[in-house]
$ cat work.csv   # CSV, C-alpha atoms
chain,number,residue,atom,x,y,z
A,2,MET,CA,131.0,29.6,-2.1
A,3,GLU,CA,129.3,30.8,1.1
A,4,HIS,CA,125.7,32.0,1.3
A,5,HIS,CA,124.3,33.9,4.3
A,6,ALA,CA,120.7,34.1,5.6
A,7,ASP,CA,119.1,35.2,8.8
A,8,LEU,CA,117.4,31.8,9.2
A,9,ILE,CA,118.3,28.5,7.6
A,10,VAL,CA,115.5,25.9,7.6
A,11,LEU,CA,116.5,22.3,7.0
A,12,GLY,CA,113.8,20.4,5.1
A,13,ALA,CA,111.0,21.6,2.7
A,14,GLY,CA,108.2,19.4,3.9
A,15,GLN,CA,105.2,20.7,5.8
A,16,SER,CA,107.3,21.6,8.8
A,17,GLY,CA,110.0,23.5,7.0
A,18,LEU,CA,107.6,25.3,4.7
A,19,ALA,CA,105.4,26.4,7.6
A,20,THR,CA,108.5,27.7,9.4
A,21,ALA,CA,109.7,29.6,6.3
A,22,ALA,CA,106.2,31.1,5.8
A,23,LEU,CA,106.2,32.5,9.4
A,24,ALA,CA,109.8,33.6,9.6
A,25,PRO,CA,109.3,37.2,8.4
A,26,ARG,CA,106.7,37.7,11.2
A,27,HIS,CA,109.5,37.0,13.7
A,28,GLY,CA,112.1,39.3,12.2
A,29,PHE,CA,113.9,36.9,9.9
A,30,ALA,CA,114.0,38.8,6.7
A,31,ARG,CA,116.2,36.4,4.7
A,32,THR,CA,115.2,32.7,5.0
A,33,LEU,CA,117.0,29.9,3.2
A,34,VAL,CA,115.4,26.4,2.9
A,35,LEU,CA,117.6,23.4,2.2
A,36,GLU,CA,115.9,20.3,0.9
A,37,ALA,CA,117.6,17.0,-0.1
A,38,ALA,CA,114.9,15.9,-2.6
A,39,ASP,CA,114.6,17.5,-6.0
A,40,GLN,CA,111.3,19.1,-5.2
A,41,ALA,CA,109.6,20.6,-2.1
A,42,GLY,CA,107.0,18.5,-0.4
A,43,GLY,CA,108.9,16.3,2.0
A,44,SER,CA,108.0,12.7,2.5
A,45,TRP,CA,104.5,12.9,1.2
A,46,GLN,CA,105.5,12.2,-2.4
A,47,ARG,CA,107.1,8.9,-1.3
A,48,TYR,CA,104.0,7.5,0.6
A,49,TYR,CA,101.9,4.6,-0.8
A,50,ASP,CA,99.5,5.4,-3.7
A,51,SER,CA,96.2,5.0,-1.8
A,52,LEU,CA,97.1,7.1,1.3
A,53,THR,CA,94.3,9.3,2.4
A,54,LEU,CA,94.4,11.8,5.2
A,55,PHE,CA,92.5,11.1,8.4
A,56,SER,CA,91.8,14.8,8.8
A,57,PRO,CA,89.3,16.7,6.6
A,58,ALA,CA,90.7,19.3,4.3
A,59,ARG,CA,89.4,22.1,6.5
A,60,TYR,CA,91.8,20.9,9.3
A,61,SER,CA,94.7,20.2,6.9
A,62,SER,CA,96.1,23.7,6.1
A,63,LEU,CA,99.4,25.4,6.7
A,64,PRO,CA,99.5,29.1,7.8
A,65,GLY,CA,98.2,31.5,5.2
A,66,LEU,CA,96.8,29.1,2.6
A,67,ARG,CA,93.5,27.2,2.9
A,68,PHE,CA,93.6,23.6,1.6
A,69,PRO,CA,91.5,23.8,-1.6
A,70,GLY,CA,88.2,22.1,-2.4
A,71,ASP,CA,85.4,20.7,-0.2
A,72,GLY,CA,86.5,21.2,3.4
A,73,ASP,CA,84.8,18.0,4.5
A,74,ARG,CA,86.6,15.6,2.2
A,75,TYR,CA,89.7,13.6,3.1
A,76,PRO,CA,92.5,14.6,0.8
A,77,THR,CA,94.6,12.0,-1.0
A,78,ARG,CA,98.4,11.8,-1.0
A,79,ASP,CA,98.7,13.5,-4.4
A,80,GLU,CA,96.4,16.3,-3.3
A,81,VAL,CA,98.7,17.0,-0.4
A,82,VAL,CA,101.8,16.9,-2.6
A,83,ASP,CA,100.2,19.4,-5.0
A,84,TYR,CA,99.2,21.7,-2.1
A,85,LEU,CA,102.7,21.7,-0.6
A,86,ARG,CA,104.3,22.5,-3.9
A,87,ALA,CA,101.9,25.3,-4.5
A,88,TYR,CA,102.6,26.6,-0.9
A,89,ALA,CA,106.3,26.5,-1.6
A,90,ARG,CA,106.0,28.5,-4.8
A,91,ARG,CA,104.3,31.4,-3.0
A,92,LEU,CA,106.9,31.7,-0.2
A,93,ASP,CA,109.2,34.6,0.1
A,94,ALA,CA,112.2,32.3,0.8
A,95,ASP,CA,115.1,30.9,-1.1
A,96,ILE,CA,114.4,27.2,-1.5
A,97,ARG,CA,117.4,25.1,-2.6
A,98,THR,CA,116.5,21.5,-3.6
A,99,SER,CA,118.9,18.6,-4.2
A,100,THR,CA,120.9,19.9,-1.3
A,101,THR,CA,121.8,17.3,1.3
A,102,VAL,CA,123.1,18.8,4.6
A,103,THR,CA,126.0,16.9,6.1
A,104,SER,CA,126.9,19.1,9.1
A,105,VAL,CA,125.7,22.1,11.2
A,106,LEU,CA,128.4,23.7,13.3
A,107,PRO,CA,128.5,26.9,15.4
A,108,ARG,CA,131.0,29.5,14.5
A,109,ASP,CA,131.5,33.1,15.9
A,110,GLY,CA,127.9,33.3,17.2
A,111,ALA,CA,126.4,32.0,14.0
A,112,TRP,CA,125.9,28.7,12.3
A,113,VAL,CA,127.7,27.1,9.4
A,114,VAL,CA,125.7,24.6,7.4
A,115,ARG,CA,127.6,22.4,5.0
A,116,ALA,CA,126.1,20.3,2.2
A,117,GLU,CA,127.2,17.1,0.4
A,118,ASP,CA,128.1,19.0,-2.8
A,119,GLY,CA,130.6,21.2,-0.9
A,120,SER,CA,128.3,24.2,-0.6
A,121,GLU,CA,128.5,26.2,2.6
A,122,PHE,CA,125.8,28.4,4.2
A,123,THR,CA,125.8,30.6,7.2
A,124,GLY,CA,122.9,31.8,9.3
A,125,ARG,CA,122.1,33.5,12.6
A,126,ALA,CA,119.6,30.7,13.5
A,127,VAL,CA,118.8,27.2,12.2
A,128,VAL,CA,115.6,25.2,12.4
A,129,ALA,CA,115.9,21.4,11.8
A,130,ALA,CA,112.6,20.4,10.1
A,131,THR,CA,113.6,17.2,8.4
A,132,GLY,CA,111.1,15.3,10.5
A,133,ALA,CA,111.0,11.7,11.5
A,134,PHE,CA,110.1,10.1,8.2
A,135,ARG,CA,113.7,10.0,6.9
A,136,SER,CA,114.6,7.0,9.0
A,137,PRO,CA,112.2,4.0,8.7
A,138,TYR,CA,112.3,1.7,11.7
A,139,ILE,CA,112.3,-2.1,11.5
A,140,PRO,CA,112.5,-4.0,14.8
A,141,ASP,CA,115.2,-6.6,15.3
A,142,VAL,CA,112.9,-9.6,15.3
A,143,PRO,CA,114.7,-13.0,15.8
A,144,GLY,CA,115.4,-14.6,12.5
A,145,ARG,CA,114.9,-11.5,10.4
A,146,ALA,CA,118.3,-11.9,8.7
A,147,GLU,CA,117.4,-15.5,7.8
A,148,PHE,CA,114.1,-14.7,6.2
A,149,ALA,CA,114.4,-15.4,2.4
A,150,GLY,CA,111.1,-13.8,1.4
A,151,GLN,CA,110.5,-10.1,0.5
A,152,SER,CA,110.9,-7.8,3.4
A,153,LEU,CA,110.2,-4.1,3.1
A,154,HIS,CA,109.2,-1.1,5.2
A,155,ALA,CA,105.9,0.6,4.6
A,156,ALA,CA,108.0,3.6,3.4
A,157,ASP,CA,108.8,1.4,0.3
A,158,TYR,CA,105.3,0.1,-0.2
A,159,ARG,CA,103.3,1.7,-3.1
A,160,SER,CA,100.4,-0.5,-4.2
A,161,PRO,CA,99.0,-4.0,-3.6
A,162,GLU,CA,99.3,-5.3,-7.2
A,163,PRO,CA,102.9,-6.7,-6.9
A,164,PHE,CA,101.7,-8.9,-4.0
A,165,SER,CA,98.8,-10.5,-5.8
A,166,GLY,CA,98.3,-14.1,-5.0
A,167,ARG,CA,101.0,-14.1,-2.3
A,168,ARG,CA,101.0,-14.6,1.4
A,169,VAL,CA,101.7,-11.4,3.2
A,170,VAL,CA,102.1,-10.3,6.9
A,171,VAL,CA,101.7,-6.7,7.7
A,172,VAL,CA,103.4,-5.8,11.0
A,173,GLY,CA,102.0,-2.9,13.0
A,174,GLY,CA,98.9,-1.6,14.7
A,175,GLY,CA,98.6,2.0,13.4
A,176,ASN,CA,96.8,3.8,10.6
A,177,SER,CA,99.3,2.8,7.9
A,178,ALA,CA,99.3,-0.8,8.9
A,179,VAL,CA,95.5,-1.0,8.8
A,180,GLN,CA,95.2,0.9,5.5
A,181,ILE,CA,97.8,-1.3,3.8
A,182,ALA,CA,96.4,-4.6,5.2
A,183,ALA,CA,92.9,-3.6,4.1
A,184,GLU,CA,93.9,-3.0,0.5
A,185,LEU,CA,96.2,-6.0,0.3
A,186,GLY,CA,93.5,-8.3,1.6
A,187,ALA,CA,91.7,-7.9,-1.8
A,188,VAL,CA,94.5,-9.5,-3.7
A,189,ALA,CA,96.7,-11.4,-1.3
A,190,GLY,CA,96.3,-13.7,1.7
A,191,THR,CA,97.0,-11.1,4.4
A,192,THR,CA,97.5,-11.2,8.2
A,193,LEU,CA,97.9,-8.2,10.4
A,194,ALA,CA,100.4,-8.8,13.2
A,195,SER,CA,100.7,-6.4,16.2
A,196,ARG,CA,101.7,-6.5,19.8
A,197,ARG,CA,98.3,-5.4,21.1
A,198,PRO,CA,94.8,-5.4,19.7
A,199,ILE,CA,93.9,-2.6,17.2
A,200,GLY,CA,92.7,0.5,19.1
A,201,TRP,CA,89.8,1.6,16.9
A,202,MET,CA,88.6,5.2,17.3
A,203,GLN,CA,85.5,6.5,15.6
A,204,GLN,CA,86.2,9.0,12.8
A,205,ARG,CA,82.9,10.8,13.3
A,206,PRO,CA,81.5,10.5,16.8
A,207,LEU,CA,78.0,12.0,17.1
A,208,GLY,CA,78.1,12.9,13.5
A,209,ARG,CA,81.1,15.2,13.7
A,210,ASP,CA,84.7,14.4,12.6
A,211,ILE,CA,87.0,13.7,15.5
A,212,HIS,CA,89.1,16.7,14.5
A,213,TRP,CA,86.1,19.0,15.1
A,214,TRP,CA,85.9,17.7,18.6
A,215,LEU,CA,89.6,18.0,19.2
A,216,MET,CA,89.5,21.6,18.2
A,217,ARG,CA,86.4,22.5,20.1
A,218,THR,CA,87.6,20.9,23.4
A,219,GLY,CA,91.1,22.4,23.1
A,220,PHE,CA,92.7,18.9,23.3
A,221,ASP,CA,94.3,19.5,19.9
A,222,ILE,CA,96.7,22.1,21.4
A,223,ALA,CA,96.9,21.1,25.0
A,224,PRO,CA,100.5,20.7,26.3
A,225,LEU,CA,100.3,17.0,27.0
A,226,SER,CA,103.3,15.8,25.1
A,227,ARG,CA,104.7,13.6,27.8
A,228,MET,CA,101.4,11.9,28.3
A,229,LEU,CA,100.7,11.5,24.6
A,230,GLU,CA,104.1,9.9,24.0
A,231,LYS,CA,103.1,7.0,26.2
A,232,ALA,CA,99.5,6.6,24.9
A,233,PRO,CA,98.7,3.5,22.9
A,234,VAL,CA,98.3,3.9,19.1
A,235,SER,CA,94.7,4.5,17.9
A,236,VAL,CA,93.3,3.9,14.4
A,237,LEU,CA,90.8,6.4,13.1
A,238,ASP,CA,88.1,4.8,11.0
A,239,ASP,CA,84.6,5.6,9.8
A,240,GLY,CA,84.0,1.9,9.4
A,241,ARG,CA,85.5,1.3,6.0
A,242,TYR,CA,88.8,-0.2,7.0
A,243,ARG,CA,87.3,-2.5,9.7
A,244,MET,CA,84.7,-3.7,7.1
A,245,ALA,CA,87.5,-4.2,4.5
A,246,LEU,CA,89.5,-6.3,6.8
A,247,GLU,CA,86.5,-8.5,7.6
A,248,ALA,CA,85.4,-8.7,4.0
A,249,HIS,CA,88.8,-9.8,2.8
A,250,GLY,CA,89.4,-12.2,5.7
A,251,VAL,CA,92.4,-10.3,7.1
A,252,GLN,CA,93.0,-11.7,10.5
A,253,ARG,CA,94.8,-9.8,13.3
A,254,ARG,CA,97.2,-12.0,15.3
A,255,GLU,CA,99.6,-11.4,18.1
A,256,MET,CA,103.0,-10.5,16.9
A,257,PHE,CA,105.0,-13.5,15.7
A,258,ALA,CA,107.8,-14.8,17.9
A,259,ARG,CA,110.4,-15.1,15.1
A,260,LEU,CA,111.0,-15.4,11.4
A,261,THR,CA,112.3,-18.5,9.6
A,262,PRO,CA,113.8,-18.7,6.2
A,263,ASP,CA,110.4,-19.4,4.6
A,264,GLY,CA,107.9,-17.8,7.1
A,265,VAL,CA,106.9,-17.0,10.6
A,266,VAL,CA,106.6,-18.7,14.0
A,267,TRP,CA,103.5,-17.3,15.7
A,268,ALA,CA,103.3,-16.7,19.5
A,269,ASP,CA,101.5,-20.0,20.0
A,270,GLY,CA,104.3,-21.9,18.4
A,271,SER,CA,102.6,-22.6,15.1
A,272,LYS,CA,104.5,-22.1,11.8
A,273,GLU,CA,103.2,-20.5,8.6
A,274,PRO,CA,104.9,-20.0,5.3
A,275,VAL,CA,105.0,-16.3,4.2
A,276,ASP,CA,106.1,-14.7,1.0
A,277,ALA,CA,106.5,-11.1,2.2
A,278,ILE,CA,106.6,-9.0,5.4
A,279,ILE,CA,105.6,-5.4,5.3
A,280,TRP,CA,106.9,-3.5,8.3
A,281,ALA,CA,104.5,-0.6,9.2
A,282,THR,CA,106.5,0.0,12.3
A,283,GLY,CA,107.0,3.7,12.2
A,284,TYR,CA,110.1,5.8,12.0
A,285,ARG,CA,112.8,7.1,14.3
A,286,LEU,CA,114.1,10.6,14.6
A,287,ALA,CA,117.4,11.1,12.9
A,288,PHE,CA,119.5,14.2,12.8
A,289,PRO,CA,123.0,13.0,11.8
A,290,TYR,CA,124.0,16.4,10.7
A,291,LEU,CA,123.7,17.6,14.3
A,292,ASP,CA,126.2,15.1,15.8
A,293,GLY,CA,128.8,16.5,18.0
A,294,ILE,CA,127.4,19.9,19.0
A,295,GLY,CA,125.4,18.9,22.1
A,296,ALA,CA,122.0,19.1,20.5
A,297,LEU,CA,121.3,15.3,20.7
A,298,ASN,CA,121.3,12.9,23.6
A,299,ALA,CA,123.1,9.5,23.6
A,300,ASP,CA,120.4,7.8,21.5
A,301,GLY,CA,120.3,10.5,18.9
A,302,ARG,CA,117.1,12.2,20.0
A,303,PRO,CA,117.0,16.0,20.1
A,304,ARG,CA,117.5,17.7,23.4
A,305,HIS,CA,114.8,20.4,23.4
A,306,ARG,CA,111.8,21.9,25.1
A,307,GLY,CA,108.8,22.4,22.9
A,308,GLY,CA,111.2,22.4,19.9
A,309,VAL,CA,113.6,25.0,21.3
A,310,ALA,CA,117.0,23.2,21.5
A,311,THR,CA,119.3,23.3,24.5
A,312,VAL,CA,121.9,24.7,22.2
A,313,PRO,CA,121.2,28.5,21.6
A,314,GLY,CA,120.1,29.5,18.1
A,315,LEU,CA,118.8,26.1,17.1
A,316,GLY,CA,115.2,24.8,16.9
A,317,PHE,CA,113.2,21.8,15.8
A,318,VAL,CA,109.8,21.6,14.1
A,319,GLY,CA,108.1,18.5,13.0
A,320,ILE,CA,108.6,16.2,16.0
A,321,GLU,CA,105.6,14.0,16.9
A,322,PHE,CA,104.0,15.4,20.1
A,323,GLN,CA,106.6,18.2,20.2
A,324,ARG,CA,104.2,20.4,22.1
A,325,SER,CA,100.7,18.9,21.6
A,326,PHE,CA,98.5,16.2,20.0
A,327,SER,CA,98.5,18.1,16.7
A,328,SER,CA,102.3,18.5,16.5
A,329,ASN,CA,103.8,17.1,13.2
A,330,THR,CA,100.5,17.4,11.4
A,331,LEU,CA,99.5,19.8,8.6
A,332,ARG,CA,97.2,21.7,11.0
A,333,GLY,CA,99.7,21.8,13.9
A,334,VAL,CA,103.2,22.5,12.5
A,335,GLY,CA,102.4,26.2,12.1
A,336,ARG,CA,101.7,26.6,15.8
A,337,ASP,CA,105.0,24.8,16.7
A,338,ALA,CA,106.9,26.8,14.1
A,339,ALA,CA,105.6,30.1,15.6
A,340,HIS,CA,106.6,29.0,19.1
A,341,VAL,CA,110.1,28.1,18.0
A,342,LEU,CA,110.6,31.2,15.9
A,343,SER,CA,109.5,33.5,18.7
A,344,ARG,CA,112.1,32.0,21.0
A,345,LEU,CA,114.9,32.1,18.4
A,346,SER,CA,114.1,35.7,17.6
A,347,ARG,CA,114.4,36.7,21.2
A,348,SER,CA,117.8,35.0,21.6
A,349,ARG,CA,119.4,36.7,18.6
$ encode --input "work.csv" --output "structure tokens"
Amino acid sequence: MEHHADLIVLGAGQSGLATAALAPRHGFARTLVLEAADQAGGSWQRYYDSLTLFSPARYSSLPGLRFPGDGDRYPTRDEVVDYLRAYARRLDADIRTSTTVTSVLPRDGAWVVRAEDGSEFTGRAVVAATGAFRSPYIPDVPGRAEFAGQSLHAADYRSPEPFSGRRVVVVGGGNSAVQIAAELGAVAGTTLASRRPIGWMQQRPLGRDIHWWLMRTGFDIAPLSRMLEKAPVSVLDDGRYRMALEAHGVQRREMFARLTPDGVVWADGSKEPVDAIIWATGYRLAFPYLDGIGALNADGRPRHRGGVATVPGLGFVGIEFQRSFSSNTLRGVGRDAAHVLSRLSRSR
């Protein structure tokens, strides 16, 4: 059975929901949202238990609905999940969950979207908002296939208890790596391995949260995407994570040279037995349902300008640094969605 909509949004995470919320303002009367999971909310519900936002609640809202509670607090994972589900319930859009999209193909000036269960949908425009968090990335470190210990990506990490009393190496230099290593240090012998020293950034310079400064200076929305993509990773901290690492004896070391069946070989040649490796090494963009239509380059990355695809009638929302520093954040996806929708509405 075929279903028709003016706009089809792929993904019901923060990017897809923001896009669906703004669609009517840009002339898309009938919006269909297709989500592979059984509930709206995107990847948030799969993150580790203790995850806390680095942006205060007042800077963590989608268009049209303020994040509830004290605006100066830093919301937890579960609070974000509850907020996104509440946001989804109030949308004037048809949200279909448990619907995995397998292909998006042009046909007669429109798009045909096919799902794994055989469903078929047509739309005048499509926005791919499935984000980068569907495809965890683990680098191909020498010896990785031989390592006999536990190896998992941060996407599959939930809490420190299963690692109690074990020897763990957390790989990565970003916020997630630091948060995970800080809490693991309380129960396990933990080392943080990264290719460069941790780039600490003050959470509250001069008594104001960094996001206040980003907004006031205009840096948050400045079109600096190419520059930002090359910038080194920074870790926001009000002091708690650095103190936790020190208190628990979590040492930061240069990335190991290779893995052995029972541990690691560090850059200085020393060997160390390790029970588990947690790869907090980020994600890679993946849009397999767009293969073969000219929307992706040779390495699978989207061909776009500010989220507007090189293929007419197609857009992207939820790409890191898509247009600015705040792209792919709760506070920034609405701006990117509005930009993409305005361009798509003009091309219809």
$ residues_around --input "work.csv" --residues "Leu246 (chain A)" --least-positions-apart "3" --cutoff "8 Å" --atoms "only C-alpha atoms" --output "JSON, numbers by chain"
{"A": [182, 183, 186, 242, 243, 249, 250, 251, 252]}
$ write_last_selection --input "work.csv" --atoms "C-alpha atoms" --output "PDB file, in the frame of the given file"
ATOM      1  CA  ALA A 182      96.400  -4.600   5.200  1.00  0.00           C
ATOM      2  CA  ALA A 183      92.900  -3.600   4.100  1.00  0.00           C
ATOM      3  CA  GLY A 186      93.500  -8.300   1.600  1.00  0.00           C
ATOM      4  CA  TYR A 242      88.800  -0.200   7.000  1.00  0.00           C
ATOM      5  CA  ARG A 243      87.300  -2.500   9.700  1.00  0.00           C
ATOM      6  CA  HIS A 249      88.800  -9.800   2.800  1.00  0.00           C
ATOM      7  CA  GLY A 250      89.400 -12.200   5.700  1.00  0.00           C
ATOM      8  CA  VAL A 251      92.400 -10.300   7.100  1.00  0.00           C
ATOM      9  CA  GLN A 252      93.000 -11.700  10.500  1.00  0.00           C
TER      10      GLN A 252
END
$ atom_distance --input "work.csv" --atom1 "CA of Ser195 (chain A)" --atom2 "CA of Val171 (chain A)"
8.6 Å
$ atom_distance --input "work.csv" --atom1 "CA of Ser177 (chain A)" --atom2 "CA of Ala281 (chain A)"
6.3 Å
$ residues_near_point --input "work.csv" --point "(95.4, -10.0, 2.1)" --cutoff "12 Å" --atoms "only C-alpha atoms" --output "ChimeraX atom specification"
/A:161-162,164-171,179-193,245-253,275-279
$ closest_residue --input "work.csv" --among "A:Leu11, A:Val128, A:Val142, A:Ala156" --to "Ser44 (chain A)" --atoms "only C-alpha atoms"
A:Ala156
$ atom_distance --input "work.csv" --atom1 "CA of Val265 (chain A)" --atom2 "CA of Arg145 (chain A)"
9.7 Å
$ closest_residue --input "work.csv" --among "A:Tyr49, A:Ala339, A:Arg304, A:Ile222" --to "Asp292 (chain A)" --atoms "only C-alpha atoms"
A:Arg304
$ residues_around --input "work.csv" --residues "Thr100 (chain A)" --least-positions-apart "5" --cutoff "8 Å" --atoms "all atoms listed in the file" --output "list in words"
Leu35, Glu36, Ala37, Ala38, Ala116, Glu117 and Asp118 of chain A
$ closest_residue --input "work.csv" --among "A:Thr103, A:Ser152, A:Ser271, A:Thr131" --to "Leu286 (chain A)" --atoms "all atoms listed in the file"
A:Thr131
$ closest_residue --input "work.csv" --among "A:Leu106, A:Ala6, A:Val81, A:Ala13" --to "Val318 (chain A)" --atoms "all atoms listed in the file"
A:Ala13
$ closest_residue --input "work.csv" --among "A:Pro163, A:Gly144, A:Asp210, A:Ala19" --to "Thr330 (chain A)" --atoms "only C-alpha atoms"
A:Ala19
$ closest_residue --input "work.csv" --among "A:Arg285, A:Arg78, A:Arg108, A:His27" --to "Pro140 (chain A)" --atoms "all atoms listed in the file"
A:Arg285
$ residues_around --input "work.csv" --residues "Pro143 (chain A)" --least-positions-apart "4" --cutoff "9 Å" --atoms "all atoms listed in the file" --output "PyMOL selection string"
chain A and resi 147+258-261
$ write_last_selection --input "work.csv" --atoms "C-alpha atoms" --output "short mmCIF file (atom, residue, chain, number, x, y, z; two decimals), in the frame of the given file"
data_model
loop_
_atom_site.label_atom_id
_atom_site.label_comp_id
_atom_site.auth_asym_id
_atom_site.auth_seq_id
_atom_site.Cartn_x
_atom_site.Cartn_y
_atom_site.Cartn_z
CA GLU A 147 117.40 -15.50 7.80
CA ALA A 258 107.80 -14.80 17.90
CA ARG A 259 110.40 -15.10 15.10
CA LEU A 260 111.00 -15.40 11.40
CA THR A 261 112.30 -18.50 9.60
#
$ build_atoms --input "work.csv" --residues "region 137-148 of chain A" --atoms "N, CA, C and O atoms" --output "tab-separated table (two decimals), in the frame of the given file"
chain	number	residue	atom	x	y	z
A	137	PRO	N	113.16	5.09	8.44
A	137	PRO	CA	112.20	4.00	8.70
A	137	PRO	C	112.79	3.04	9.77
A	137	PRO	O	113.98	2.73	9.76
A	138	TYR	N	111.92	2.57	10.65
A	138	TYR	CA	112.30	1.70	11.70
A	138	TYR	C	111.80	0.27	11.51
A	138	TYR	O	110.60	0.10	11.26
A	139	ILE	N	112.68	-0.72	11.57
A	139	ILE	CA	112.30	-2.10	11.50
A	139	ILE	C	112.84	-2.79	12.78
A	139	ILE	O	114.06	-2.76	13.02
A	140	PRO	N	111.99	-3.37	13.61
A	140	PRO	CA	112.50	-4.00	14.80
A	140	PRO	C	113.36	-5.20	14.55
A	140	PRO	O	113.21	-5.88	13.53
A	141	ASP	N	114.27	-5.47	15.46
A	141	ASP	CA	115.20	-6.60	15.30
A	141	ASP	C	114.56	-7.87	15.78
A	141	ASP	O	114.88	-8.38	16.85
A	142	VAL	N	113.65	-8.39	14.98
A	142	VAL	CA	112.90	-9.60	15.30
A	142	VAL	C	113.87	-10.82	15.11
A	142	VAL	O	114.58	-10.87	14.10
A	143	PRO	N	113.87	-11.79	16.04
A	143	PRO	CA	114.70	-13.00	15.80
A	143	PRO	C	114.44	-13.64	14.49
A	143	PRO	O	113.29	-13.82	14.09
A	144	GLY	N	115.51	-13.96	13.77
A	144	GLY	CA	115.40	-14.60	12.50
A	144	GLY	C	115.21	-13.71	11.29
A	144	GLY	O	115.12	-14.19	10.15
A	145	ARG	N	115.18	-12.41	11.52
A	145	ARG	CA	114.90	-11.50	10.40
A	145	ARG	C	115.96	-11.60	9.32
A	145	ARG	O	115.65	-11.55	8.14
A	146	ALA	N	117.21	-11.77	9.70
A	146	ALA	CA	118.30	-11.90	8.70
A	146	ALA	C	118.20	-13.17	7.89
A	146	ALA	O	118.71	-13.24	6.77
A	147	GLU	N	117.53	-14.19	8.45
A	147	GLU	CA	117.40	-15.50	7.80
A	147	GLU	C	116.25	-15.55	6.80
A	147	GLU	O	116.20	-16.41	5.92
A	148	PHE	N	115.27	-14.66	6.97
A	148	PHE	CA	114.10	-14.70	6.20
A	148	PHE	C	114.40	-14.52	4.68
A	148	PHE	O	115.01	-13.52	4.30
